[in-house]
>>> print(open('structure09.txt').read())   # compact mmCIF, C-alpha atoms and all ligand atoms
# COMPACT_ATOMS: atom_id res chain seq x y z
CA MET A 1 0.00 0.00 0.00
CA ASN A 2 1.50 3.27 -1.16
CA ILE A 3 -1.41 5.66 -0.97
CA ILE A 4 -3.73 6.68 1.85
CA ALA A 5 -6.32 9.32 1.07
CA PHE A 6 -9.45 10.98 2.28
CA SER A 7 -11.65 13.21 0.19
CA LYS A 8 -15.08 14.68 0.65
CA ALA A 9 -15.80 17.78 -1.45
CA LEU A 10 -16.19 20.95 0.61
CA TYR A 11 -15.07 19.22 3.87
CA SER A 12 -11.62 17.72 3.57
CA THR A 13 -9.16 16.35 1.02
CA TRP A 14 -5.66 14.91 1.43
CA ILE A 15 -3.60 12.24 -0.33
CA TYR A 16 -0.53 10.68 1.30
CA TYR A 17 2.00 9.02 -1.03
CA SER A 18 4.30 7.03 1.24
CA PRO A 19 7.21 6.07 -1.12
CA GLU A 20 8.22 9.74 -1.32
CA ARG A 21 6.63 10.81 1.98
CA ILE A 22 4.52 13.41 0.22
CA LEU A 23 1.21 14.79 1.32
CA PHE A 24 -0.86 16.37 -1.45
CA ASP A 25 -3.18 18.81 0.28
CA ALA A 26 -3.86 18.80 3.99
CA GLY A 27 -7.58 18.91 4.69
CA GLU A 28 -9.05 18.82 8.17
CA GLY A 29 -8.61 15.49 10.01
CA VAL A 30 -5.40 14.50 8.27
CA ALA A 31 -3.29 14.41 11.44
CA THR A 32 -5.92 12.38 13.29
CA MET A 33 -6.32 9.86 10.51
CA LEU A 34 -2.67 9.43 9.52
CA THR A 35 -1.72 8.95 13.20
CA ASN A 36 2.03 8.32 13.53
CA LYS A 37 2.59 8.44 9.77
CA ILE A 38 2.32 12.19 10.23
CA TYR A 39 5.96 12.19 11.37
CA ALA A 40 7.05 10.58 8.13
CA VAL A 41 5.69 13.40 5.94
CA ARG A 42 8.56 15.34 4.41
CA HIS A 43 6.87 17.45 1.76
CA VAL A 44 3.39 18.94 1.53
CA PHE A 45 2.18 20.12 -1.87
CA LEU A 46 -0.90 22.33 -1.69
CA THR A 47 -3.11 22.59 -4.78
CA HIS A 48 -4.94 25.78 -3.75
CA GLY A 49 -6.07 27.74 -0.72
CA HIS A 50 -9.60 26.49 -0.08
CA VAL A 51 -10.15 25.49 3.51
CA ASP A 52 -11.02 21.86 2.70
CA HIS A 53 -7.46 21.46 1.34
CA ILE A 54 -5.38 23.36 3.91
CA ALA A 55 -7.14 23.35 7.30
CA GLY A 56 -5.28 20.28 8.58
CA LEU A 57 -1.88 21.88 8.22
CA TRP A 58 -2.20 23.56 11.60
CA SER A 59 -2.81 20.18 13.27
CA ILE A 60 0.12 18.58 11.46
CA ILE A 61 2.48 21.31 12.65
CA ASN A 62 1.09 21.25 16.18
CA THR A 63 1.20 17.45 16.47
CA ARG A 64 4.73 17.19 15.14
CA ASN A 65 5.83 19.89 17.52
CA ASN A 66 4.30 18.54 20.69
CA ALA A 67 3.75 14.81 20.48
CA MET A 68 6.17 12.03 21.35
CA GLY A 69 7.31 11.28 17.81
CA ASP A 70 10.36 12.54 15.98
CA ARG A 71 10.18 16.29 16.44
CA GLU A 72 13.27 17.32 14.52
CA LYS A 73 12.35 16.31 10.98
CA PRO A 74 12.00 19.32 8.70
CA LEU A 75 8.78 19.95 6.82
CA THR A 76 8.48 21.85 3.55
CA VAL A 77 5.16 23.13 2.29
CA TYR A 78 4.96 24.02 -1.41
CA TYR A 79 2.11 26.05 -2.85
CA PRO A 80 1.12 27.94 -6.02
CA SER A 81 3.10 31.18 -6.09
CA GLY A 82 0.94 34.23 -5.51
CA ASN A 83 -1.85 32.36 -3.73
CA LYS A 84 -2.90 35.03 -1.22
CA GLY A 85 -5.05 32.77 0.97
CA ILE A 86 -2.21 30.31 1.53
CA GLU A 87 0.26 33.12 2.19
CA LEU A 88 -1.99 34.62 4.87
CA TYR A 89 -2.44 31.20 6.47
CA ALA A 90 1.32 30.50 6.33
CA ASP A 91 1.96 33.82 8.01
CA PHE A 92 -0.51 32.96 10.77
CA LEU A 93 0.98 29.47 11.24
CA ARG A 94 4.47 30.90 11.56
CA LYS A 95 3.31 33.46 14.16
CA ALA A 96 1.14 31.01 16.08
CA ASN A 97 3.99 28.48 16.28
CA SER A 98 6.94 30.77 16.93
CA GLU A 99 8.83 28.17 18.93
CA LEU A 100 8.95 25.28 16.53
CA ARG A 101 11.36 22.43 17.21
CA PHE A 102 11.66 21.58 13.54
CA LYS A 103 12.42 23.52 10.40
CA LEU A 104 9.24 24.61 8.63
CA ASP A 105 9.48 26.19 5.19
CA PHE A 106 6.84 27.55 2.87
CA VAL A 107 8.02 27.54 -0.73
CA PRO A 108 6.07 29.23 -3.54
CA LEU A 109 6.21 27.35 -6.85
CA LYS A 110 5.79 28.53 -10.41
CA ASP A 111 3.98 26.51 -13.06
CA GLY A 112 6.36 23.82 -14.34
CA GLU A 113 9.02 24.38 -11.66
CA LYS A 114 10.62 21.03 -10.81
CA VAL A 115 11.10 19.94 -7.20
CA PHE A 116 13.62 17.09 -6.99
CA LEU A 117 12.96 14.63 -4.18
CA ARG A 118 16.50 14.25 -2.94
CA ASN A 119 15.57 12.42 0.22
CA SER A 120 13.91 9.63 -1.73
CA THR A 121 15.52 6.29 -2.45
CA THR A 122 15.55 7.15 -6.13
CA THR A 123 17.02 10.50 -7.01
CA ASN A 124 15.53 10.49 -10.48
CA ARG A 125 12.07 11.52 -9.34
CA TYR A 126 10.64 15.01 -9.19
CA ILE A 127 7.38 16.85 -8.68
CA LYS A 128 6.17 19.17 -11.38
CA PRO A 129 3.23 21.53 -10.79
CA PHE A 130 0.88 22.46 -13.61
CA SER A 131 -1.74 25.22 -13.68
CA VAL A 132 -5.37 24.26 -13.49
CA VAL A 133 -8.57 26.33 -13.68
CA HIS A 134 -10.62 26.35 -10.50
CA THR A 135 -11.77 29.76 -9.27
CA TYR A 136 -10.83 32.95 -11.06
CA SER A 137 -9.61 34.74 -7.97
CA GLU A 138 -6.70 32.44 -7.07
CA THR A 139 -3.97 30.35 -8.62
CA ALA A 140 -4.40 26.58 -8.41
CA PHE A 141 -2.14 23.68 -9.35
CA GLY A 142 -2.26 20.01 -10.12
CA TYR A 143 0.93 17.98 -9.55
CA HIS A 144 2.80 15.28 -11.42
CA LEU A 145 5.27 12.88 -9.82
CA ILE A 146 7.70 12.17 -12.63
CA GLU A 147 10.43 9.56 -12.91
CA VAL A 148 13.27 9.92 -15.39
CA ARG A 149 13.87 6.52 -17.00
CA ARG A 150 16.06 5.08 -19.73
CA ARG A 151 14.92 2.98 -22.67
CA LEU A 152 16.36 1.63 -25.91
CA LYS A 153 16.30 4.10 -28.73
CA GLU A 154 13.52 3.47 -31.23
CA GLU A 155 15.84 2.10 -33.93
CA TYR A 156 17.18 -0.68 -31.66
CA ARG A 157 13.92 -1.91 -30.17
CA ASN A 158 13.33 -4.75 -32.63
CA LEU A 159 16.87 -6.14 -32.62
CA PRO A 160 17.61 -9.57 -31.07
CA LYS A 161 18.95 -9.51 -27.52
CA GLU A 162 22.46 -10.67 -28.49
CA GLU A 163 22.76 -7.88 -31.03
CA ILE A 164 21.83 -5.28 -28.40
CA THR A 165 24.34 -6.76 -25.93
CA ARG A 166 27.02 -6.51 -28.63
CA LEU A 167 26.12 -2.87 -29.37
CA VAL A 168 26.20 -1.97 -25.67
CA LYS A 169 29.63 -3.63 -25.34
CA SER A 170 31.05 -1.81 -28.34
CA TYR A 171 29.49 1.63 -27.94
CA GLY A 172 28.33 1.84 -24.32
CA SER A 173 24.77 1.81 -23.04
CA GLU A 174 24.51 5.62 -23.27
CA SER A 175 24.67 5.50 -27.05
CA VAL A 176 21.89 2.96 -27.57
CA THR A 177 19.50 4.28 -24.94
CA GLU A 178 17.66 7.54 -24.34
CA THR A 179 16.04 9.11 -21.30
CA TYR A 180 12.33 9.72 -21.09
CA GLU A 181 10.00 11.05 -18.44
CA LYS A 182 7.31 8.81 -17.02
CA LYS A 183 4.41 10.17 -15.01
CA ILE A 184 4.02 7.93 -11.98
CA LEU A 185 1.23 9.89 -10.36
CA THR A 186 -0.93 12.85 -11.34
CA ILE A 187 -3.08 14.77 -8.86
CA SER A 188 -5.64 17.10 -10.42
CA GLY A 189 -6.48 19.24 -7.40
CA ASP A 190 -9.80 21.10 -7.64
CA THR A 191 -10.31 22.02 -11.27
CA ILE A 192 -12.50 21.91 -14.30
CA LEU A 193 -11.66 18.95 -16.56
CA LEU A 194 -7.91 18.61 -17.08
CA LYS A 195 -6.31 18.79 -20.51
CA LYS A 196 -5.50 15.61 -22.39
CA GLU A 197 -1.78 16.36 -22.36
CA ASP A 198 -1.81 16.54 -18.55
CA VAL A 199 -3.34 13.12 -18.00
CA ALA A 200 -1.88 11.18 -20.94
CA ASP A 201 0.31 8.14 -20.08
CA THR A 202 0.22 8.58 -16.33
CA GLU A 203 0.25 5.44 -14.16
CA ILE A 204 -2.10 6.71 -11.46
CA LEU A 205 -4.44 9.63 -12.06
CA PHE A 206 -6.37 11.22 -9.21
CA HIS A 207 -8.98 13.30 -11.03
CA GLU A 208 -11.47 15.31 -9.08
CA CYS A 209 -15.05 14.31 -9.75
CA THR A 210 -17.16 16.57 -7.58
CA PHE A 211 -20.29 15.90 -9.63
CA LEU A 212 -21.53 12.52 -10.77
CA LYS A 213 -24.24 14.33 -12.73
CA LYS A 214 -23.38 17.34 -14.83
CA GLU A 215 -26.85 18.86 -14.22
CA ASP A 216 -26.01 19.28 -10.52
CA ARG A 217 -23.18 21.68 -11.30
CA LYS A 218 -24.08 25.38 -11.01
CA PHE A 219 -20.70 27.01 -11.66
CA ASN A 220 -18.05 25.66 -13.96
CA ASN A 221 -15.22 25.15 -11.46
CA HIS A 222 -15.30 21.38 -10.91
CA ALA A 223 -15.35 18.28 -13.11
CA SER A 224 -18.18 15.84 -13.65
CA LEU A 225 -18.02 12.08 -14.12
CA ASP A 226 -18.98 11.84 -17.81
CA GLU A 227 -16.33 14.41 -18.74
CA VAL A 228 -13.60 12.60 -16.82
CA ILE A 229 -14.47 9.26 -18.42
CA GLU A 230 -14.45 10.82 -21.89
CA LEU A 231 -11.04 12.39 -21.19
CA VAL A 232 -9.42 9.23 -19.86
CA LYS A 233 -10.82 6.89 -22.55
CA ASP A 234 -7.83 7.00 -24.85
CA ALA A 235 -5.29 8.69 -22.63
CA ASN A 236 -3.40 5.51 -21.66
CA VAL A 237 -3.99 5.88 -17.93
CA GLN A 238 -3.33 2.71 -15.90
CA THR A 239 -5.44 3.55 -12.85
CA LEU A 240 -8.02 6.30 -12.54
CA ILE A 241 -8.99 7.28 -9.00
CA LEU A 242 -12.00 9.58 -8.78
CA TYR A 243 -11.95 11.83 -5.74
CA HIS A 244 -13.34 15.06 -4.26
CA ILE A 245 -16.80 13.52 -4.74
CA SER A 246 -19.72 15.44 -3.28
CA SER A 247 -21.36 13.74 -0.29
CA ARG A 248 -24.78 14.17 -1.97
CA TYR A 249 -23.96 10.98 -3.92
CA ILE A 250 -23.13 8.77 -0.96
CA ARG A 251 -26.02 6.42 -1.62
CA SER A 252 -25.69 6.14 -5.40
CA ILE A 253 -21.94 6.36 -5.87
CA GLU A 254 -21.11 2.66 -5.83
CA LYS A 255 -23.82 1.73 -8.34
CA VAL A 256 -22.95 4.57 -10.70
CA ILE A 257 -19.20 3.94 -10.80
CA LYS A 258 -19.55 0.15 -11.04
CA LYS A 259 -21.25 0.59 -14.42
CA ILE A 260 -18.32 2.42 -15.98
CA GLN A 261 -15.63 0.65 -17.91
CA ILE A 262 -12.63 1.99 -19.75
CA PRO A 263 -10.62 -0.68 -21.58
CA GLY A 264 -7.08 -0.77 -20.19
CA THR A 265 -7.86 1.47 -17.23
CA LYS A 266 -8.68 0.37 -13.72
CA ILE A 267 -11.27 2.67 -12.11
CA LEU A 268 -11.39 3.32 -8.38
CA TYR A 269 -12.94 6.04 -6.27
CA VAL A 270 -12.43 7.67 -2.90
CA HIS A 271 -15.66 7.26 -0.97
CA PRO A 272 -16.48 10.60 0.72
CA GLU A 273 -16.81 8.96 4.12
CA ARG A 274 -14.02 6.37 4.13
CA VAL A 275 -10.25 6.40 4.25
CA PHE A 276 -8.99 5.12 0.89
CA GLU A 277 -5.96 2.83 0.61
CA PHE A 278 -4.21 1.66 -2.52
ZN ZN A 301 -12.14 21.27 -2.56
ZN ZN A 302 -11.49 24.30 -4.12
>>> encode(input="structure09.txt", output="structure tokens", more="lines below")
Ligand SMILES: [Zn+2]
Ligand SMILES: [Zn+2]
Amino acid sequence: MNIIAFSKALYSTWIYYSPERILFDAGEGVATMLTNKIYAVRHVFLTHGHVDHIAGLWSIINTRNNAMGDREKPLTVYYPSGNKGIELYADFLRKANSELRFKLDFVPLKDGEKVFLRNSTTTNRYIKPFSVVHTYSETAFGYHLIEVRRRLKEEYRNLPKEEITRLVKSYGSESVTETYEKKILTISGDTILLKKEDVADTEILFHECTFLKKEDRKFNNHASLDEVIELVKDANVQTLILYHISSRYIRSIEKVIKKIQIPGTKILYVHPERVFEF
């Protein structure tokens, strides 16, 4: 199990990715529900400043500062540059916790700015934020976790194994291979439907799906189920995880999502009242 998440639109959303000790968003209840895993969190990436995505940060900071766990581990919180709500909250958190025992940093990020995860076991992974459209008054991001990998160059892919071994011996592996970037995980944040280029070829896509029925949506600042399915259909996504689902669908959600099939894509969802594990 690599992922623990909770998400109920308007109330609380957070996704913990344990291999890199990253928390995407920090909605209310996160410290309570993650219990001692809260000490393992190294990076927090905030998608935007709505209270259902940031309220739990105060508890995380307070718990790490006062409980029995490891109190010295630094914590870095990244957020969309220029997001006024988050900056005000960060300012408050710094003032309210003036005697912190650990290093707490708030780091504004620009669209596309890479954050290398140097504390991870693999140093070839980084986080890359991308702009999404949510409300017009504030900046909002989605995030990719990207791994830089190597593969055989196109022209060598159909050669027999022995031939490739010979080429590697004579010319070195650098000359027959090339690097490419693989999206391991994509988190949409709160947004209207993402662009095809953002979701294409990702292994795990968390796409927000506030509305199961498009007719229930009054303002165009969230995605609906039919749109997400249409987008993912031929985007080569291994696993689609629908989240940020409105609690109005609690009774119908299972039936509705069971009916959907996308060839080649596994579909899961974060139930608005249960902790999700994957
Ligand atoms: Zn939200
Ligand atoms: Zn929001």
>>> residues_near_point(input="structure09.txt", point="(-14.9, 7.9, 2.2)", cutoff="12 Å", atoms="all atoms listed in the file", output="PyMOL selection string")
chain A and resi 4-9+11-14+242-247+249-251+253-254+269-277
>>> residues_near_ligand(input="structure09.txt", ligand="ligand ZN 302 (chain A)", cutoff="7 Å", atoms="only C-alpha atoms and all ligand atoms", output="list in words")
His48, His50, His134 and Asp190 of chain A
>>> residues_around(input="structure09.txt", residues="A:Leu185", least_positions_apart="5", cutoff="12 Å", atoms="only C-alpha atoms", output="ChimeraX atom specification")
/A:2-3,15-17,19-20,22,24,125-129,142-147,198-207,237-241
>>> closest_residue(input="structure09.txt", among="A:Glu99, A:Glu208, A:Asp226, A:Glu162", to="ligand ZN 301 (chain A)", atoms="all atoms listed in the file")
A:Glu208
>>> closest_residue(input="structure09.txt", among="A:Gly56, A:Gly112, A:Pro160, A:Pro74", to="A:Tyr89", atoms="all atoms listed in the file")
A:Gly56
>>> closest_residue(input="structure09.txt", among="A:Lys114, A:Lys183, A:Lys259, A:His222", to="ligand ZN 301 (chain A)", atoms="all atoms listed in the file")
A:His222
>>> closest_residue(input="structure09.txt", among="A:Gly27, A:Gly82, A:Pro108, A:Pro263", to="ligand ZN 301 (chain A)", atoms="all atoms listed in the file")
A:Gly27
>>> closest_residue(input="structure09.txt", among="A:Asn62, A:Thr76, A:Arg71, A:Phe130", to="A:Arg101", atoms="all atoms listed in the file")
A:Arg71
>>> residues_around(input="structure09.txt", residues="A:Ile192", least_positions_apart="4", cutoff="8 Å", atoms="only C-alpha atoms", output="list in words")
Val132, Val133, His134, Asn220, Asn221, His222 and Ala223 of chain A
>>> write_last_selection(input="structure09.txt", atoms="C-alpha atoms", output="short mmCIF file (atom, residue, chain, number, x, y, z; two decimals), keeping the file's coordinate frame")
data_model
loop_
_atom_site.label_atom_id
_atom_site.label_comp_id
_atom_site.auth_asym_id
_atom_site.auth_seq_id
_atom_site.Cartn_x
_atom_site.Cartn_y
_atom_site.Cartn_z
CA VAL A 132 -5.37 24.26 -13.49
CA VAL A 133 -8.57 26.33 -13.68
CA HIS A 134 -10.62 26.35 -10.50
CA ASN A 220 -18.05 25.66 -13.96
CA ASN A 221 -15.22 25.15 -11.46
CA HIS A 222 -15.30 21.38 -10.91
CA ALA A 223 -15.35 18.28 -13.11
#
>>> axis_aligned_box(input="structure09.txt", around="stretch 49-61 of chain A", padding_each_side="6 Å", output="lines of an AutoDock Vina configuration file")
center_x = -4.3
center_y = 23.2
center_z = 6.3
size_x = 25.5
size_y = 21.2
size_z = 26.0
>>> closest_residue(input="structure09.txt", among="A:Asn66, A:Ser18, A:Asn236, A:Thr47", to="ligand ZN 301 (chain A)", atoms="all atoms listed in the file")
A:Thr47
>>> residues_near_point(input="structure09.txt", point="(-7.0, 27.1, 2.5)", cutoff="12 Å", atoms="all atoms listed in the file", output="VMD selection string")
chain A and resid 10 to 13 25 to 28 46 to 58 79 to 80 83 to 90 138 to 140
>>> residues_around(input="structure09.txt", residues="A:Lys103", least_positions_apart="2", cutoff="8 Å", atoms="all atoms listed in the file", output="PyMOL selection string")
chain A and resi 72-75+100-101+105
>>> atom_distance(input="structure09.txt", atom1="atom CA of A:Ile164", atom2="atom CA of A:Val148")
21.8 Å
>>> atom_distance(input="structure09.txt", atom1="atom CA of A:Leu194", atom2="atom CA of A:Asp234")
14.0 Å
>>> atom_distance(input="structure09.txt", atom1="atom CA of A:Ala67", atom2="atom CA of A:Asn36")
9.7 Å
>>> residues_around(input="structure09.txt", residues="A:Arg157", least_positions_apart="5", cutoff="12 Å", atoms="only C-alpha atoms", output="PyMOL selection string")
chain A and resi 151-152+163-164+176-178
>>> residues_around(input="structure09.txt", residues="A:Leu212", least_positions_apart="3", cutoff="7 Å", atoms="only C-alpha atoms", output="PyMOL selection string")
chain A and resi 209+224-225
>>> write_last_selection(input="structure09.txt", atoms="C-alpha atoms", output="compact mmCIF listing (two decimals), in the frame of the given file")
# COMPACT_ATOMS: atom_id res chain seq x y z
CA CYS A 209 -15.05 14.31 -9.75
CA SER A 224 -18.18 15.84 -13.65
CA LEU A 225 -18.02 12.08 -14.12
>>> build_atoms(input="structure09.txt", residues="stretch 226-248 of chain A", atoms="N, CA and C atoms", output="PDB file, in the frame of the given file")
ATOM      1  N   ASP A 226     -18.985  12.148 -16.359  1.00  0.00           N
ATOM      2  CA  ASP A 226     -18.980  11.840 -17.810  1.00  0.00           C
ATOM      3  C   ASP A 226     -17.802  12.502 -18.530  1.00  0.00           C
ATOM      4  N   GLU A 227     -17.474  13.717 -18.114  1.00  0.00           N
ATOM      5  CA  GLU A 227     -16.330  14.410 -18.740  1.00  0.00           C
ATOM      6  C   GLU A 227     -15.020  13.683 -18.457  1.00  0.00           C
ATOM      7  N   VAL A 228     -14.852  13.259 -17.199  1.00  0.00           N
ATOM      8  CA  VAL A 228     -13.600  12.600 -16.820  1.00  0.00           C
ATOM      9  C   VAL A 228     -13.440  11.289 -17.597  1.00  0.00           C
ATOM     10  N   ILE A 229     -14.521  10.543 -17.699  1.00  0.00           N
ATOM     11  CA  ILE A 229     -14.470   9.260 -18.420  1.00  0.00           C
ATOM     12  C   ILE A 229     -14.093   9.505 -19.885  1.00  0.00           C
ATOM     13  N   GLU A 230     -14.727  10.497 -20.484  1.00  0.00           N
ATOM     14  CA  GLU A 230     -14.450  10.820 -21.890  1.00  0.00           C
ATOM     15  C   GLU A 230     -12.970  11.193 -22.083  1.00  0.00           C
ATOM     16  N   LEU A 231     -12.435  11.940 -21.121  1.00  0.00           N
ATOM     17  CA  LEU A 231     -11.040  12.390 -21.190  1.00  0.00           C
ATOM     18  C   LEU A 231     -10.056  11.226 -21.081  1.00  0.00           C
ATOM     19  N   VAL A 232     -10.371  10.302 -20.181  1.00  0.00           N
ATOM     20  CA  VAL A 232      -9.420   9.230 -19.860  1.00  0.00           C
ATOM     21  C   VAL A 232      -9.457   8.092 -20.885  1.00  0.00           C
ATOM     22  N   LYS A 233     -10.574   7.987 -21.606  1.00  0.00           N
ATOM     23  CA  LYS A 233     -10.820   6.890 -22.550  1.00  0.00           C
ATOM     24  C   LYS A 233      -9.602   6.469 -23.376  1.00  0.00           C
ATOM     25  N   ASP A 234      -9.008   7.413 -24.084  1.00  0.00           N
ATOM     26  CA  ASP A 234      -7.830   7.000 -24.850  1.00  0.00           C
ATOM     27  C   ASP A 234      -6.586   7.785 -24.461  1.00  0.00           C
ATOM     28  N   ALA A 235      -6.435   7.935 -23.140  1.00  0.00           N
ATOM     29  CA  ALA A 235      -5.290   8.690 -22.630  1.00  0.00           C
ATOM     30  C   ALA A 235      -4.209   7.778 -22.054  1.00  0.00           C
ATOM     31  N   ASN A 236      -4.394   6.466 -22.163  1.00  0.00           N
ATOM     32  CA  ASN A 236      -3.400   5.510 -21.660  1.00  0.00           C
ATOM     33  C   ASN A 236      -3.075   5.719 -20.177  1.00  0.00           C
ATOM     34  N   VAL A 237      -4.142   5.745 -19.385  1.00  0.00           N
ATOM     35  CA  VAL A 237      -3.990   5.880 -17.930  1.00  0.00           C
ATOM     36  C   VAL A 237      -4.171   4.482 -17.323  1.00  0.00           C
ATOM     37  N   GLN A 238      -3.222   4.062 -16.480  1.00  0.00           N
ATOM     38  CA  GLN A 238      -3.330   2.710 -15.900  1.00  0.00           C
ATOM     39  C   GLN A 238      -4.448   2.619 -14.859  1.00  0.00           C
ATOM     40  N   THR A 239      -4.428   3.553 -13.916  1.00  0.00           N
ATOM     41  CA  THR A 239      -5.440   3.550 -12.850  1.00  0.00           C
ATOM     42  C   THR A 239      -6.018   4.952 -12.683  1.00  0.00           C
ATOM     43  N   LEU A 240      -7.335   5.031 -12.757  1.00  0.00           N
ATOM     44  CA  LEU A 240      -8.020   6.300 -12.540  1.00  0.00           C
ATOM     45  C   LEU A 240      -8.673   6.245 -11.164  1.00  0.00           C
ATOM     46  N   ILE A 241      -8.361   7.217 -10.323  1.00  0.00           N
ATOM     47  CA  ILE A 241      -8.990   7.280  -9.000  1.00  0.00           C
ATOM     48  C   ILE A 241      -9.799   8.570  -8.923  1.00  0.00           C
ATOM     49  N   LEU A 242     -11.113   8.411  -8.856  1.00  0.00           N
ATOM     50  CA  LEU A 242     -12.000   9.580  -8.780  1.00  0.00           C
ATOM     51  C   LEU A 242     -12.043  10.040  -7.337  1.00  0.00           C
ATOM     52  N   TYR A 243     -11.909  11.337  -7.118  1.00  0.00           N
ATOM     53  CA  TYR A 243     -11.950  11.830  -5.740  1.00  0.00           C
ATOM     54  C   TYR A 243     -12.599  13.195  -5.692  1.00  0.00           C
ATOM     55  N   HIS A 244     -12.647  13.784  -4.467  1.00  0.00           N
ATOM     56  CA  HIS A 244     -13.340  15.060  -4.260  1.00  0.00           C
ATOM     57  C   HIS A 244     -14.805  14.925  -4.705  1.00  0.00           C
ATOM     58  N   ILE A 245     -15.412  13.793  -4.358  1.00  0.00           N
ATOM     59  CA  ILE A 245     -16.800  13.520  -4.740  1.00  0.00           C
ATOM     60  C   ILE A 245     -17.734  14.143  -3.704  1.00  0.00           C
ATOM     61  N   SER A 246     -18.775  14.784  -4.184  1.00  0.00           N
ATOM     62  CA  SER A 246     -19.720  15.440  -3.280  1.00  0.00           C
ATOM     63  C   SER A 246     -20.481  14.388  -2.460  1.00  0.00           C
ATOM     64  N   SER A 247     -20.709  14.711  -1.182  1.00  0.00           N
ATOM     65  CA  SER A 247     -21.360  13.740  -0.290  1.00  0.00           C
ATOM     66  C   SER A 247     -22.845  13.549  -0.652  1.00  0.00           C
ATOM     67  N   ARG A 248     -23.380  14.379  -1.553  1.00  0.00           N
ATOM     68  CA  ARG A 248     -24.780  14.170  -1.970  1.00  0.00           C
ATOM     69  C   ARG A 248     -24.954  12.827  -2.676  1.00  0.00           C
TER      70      ARG A 248
END
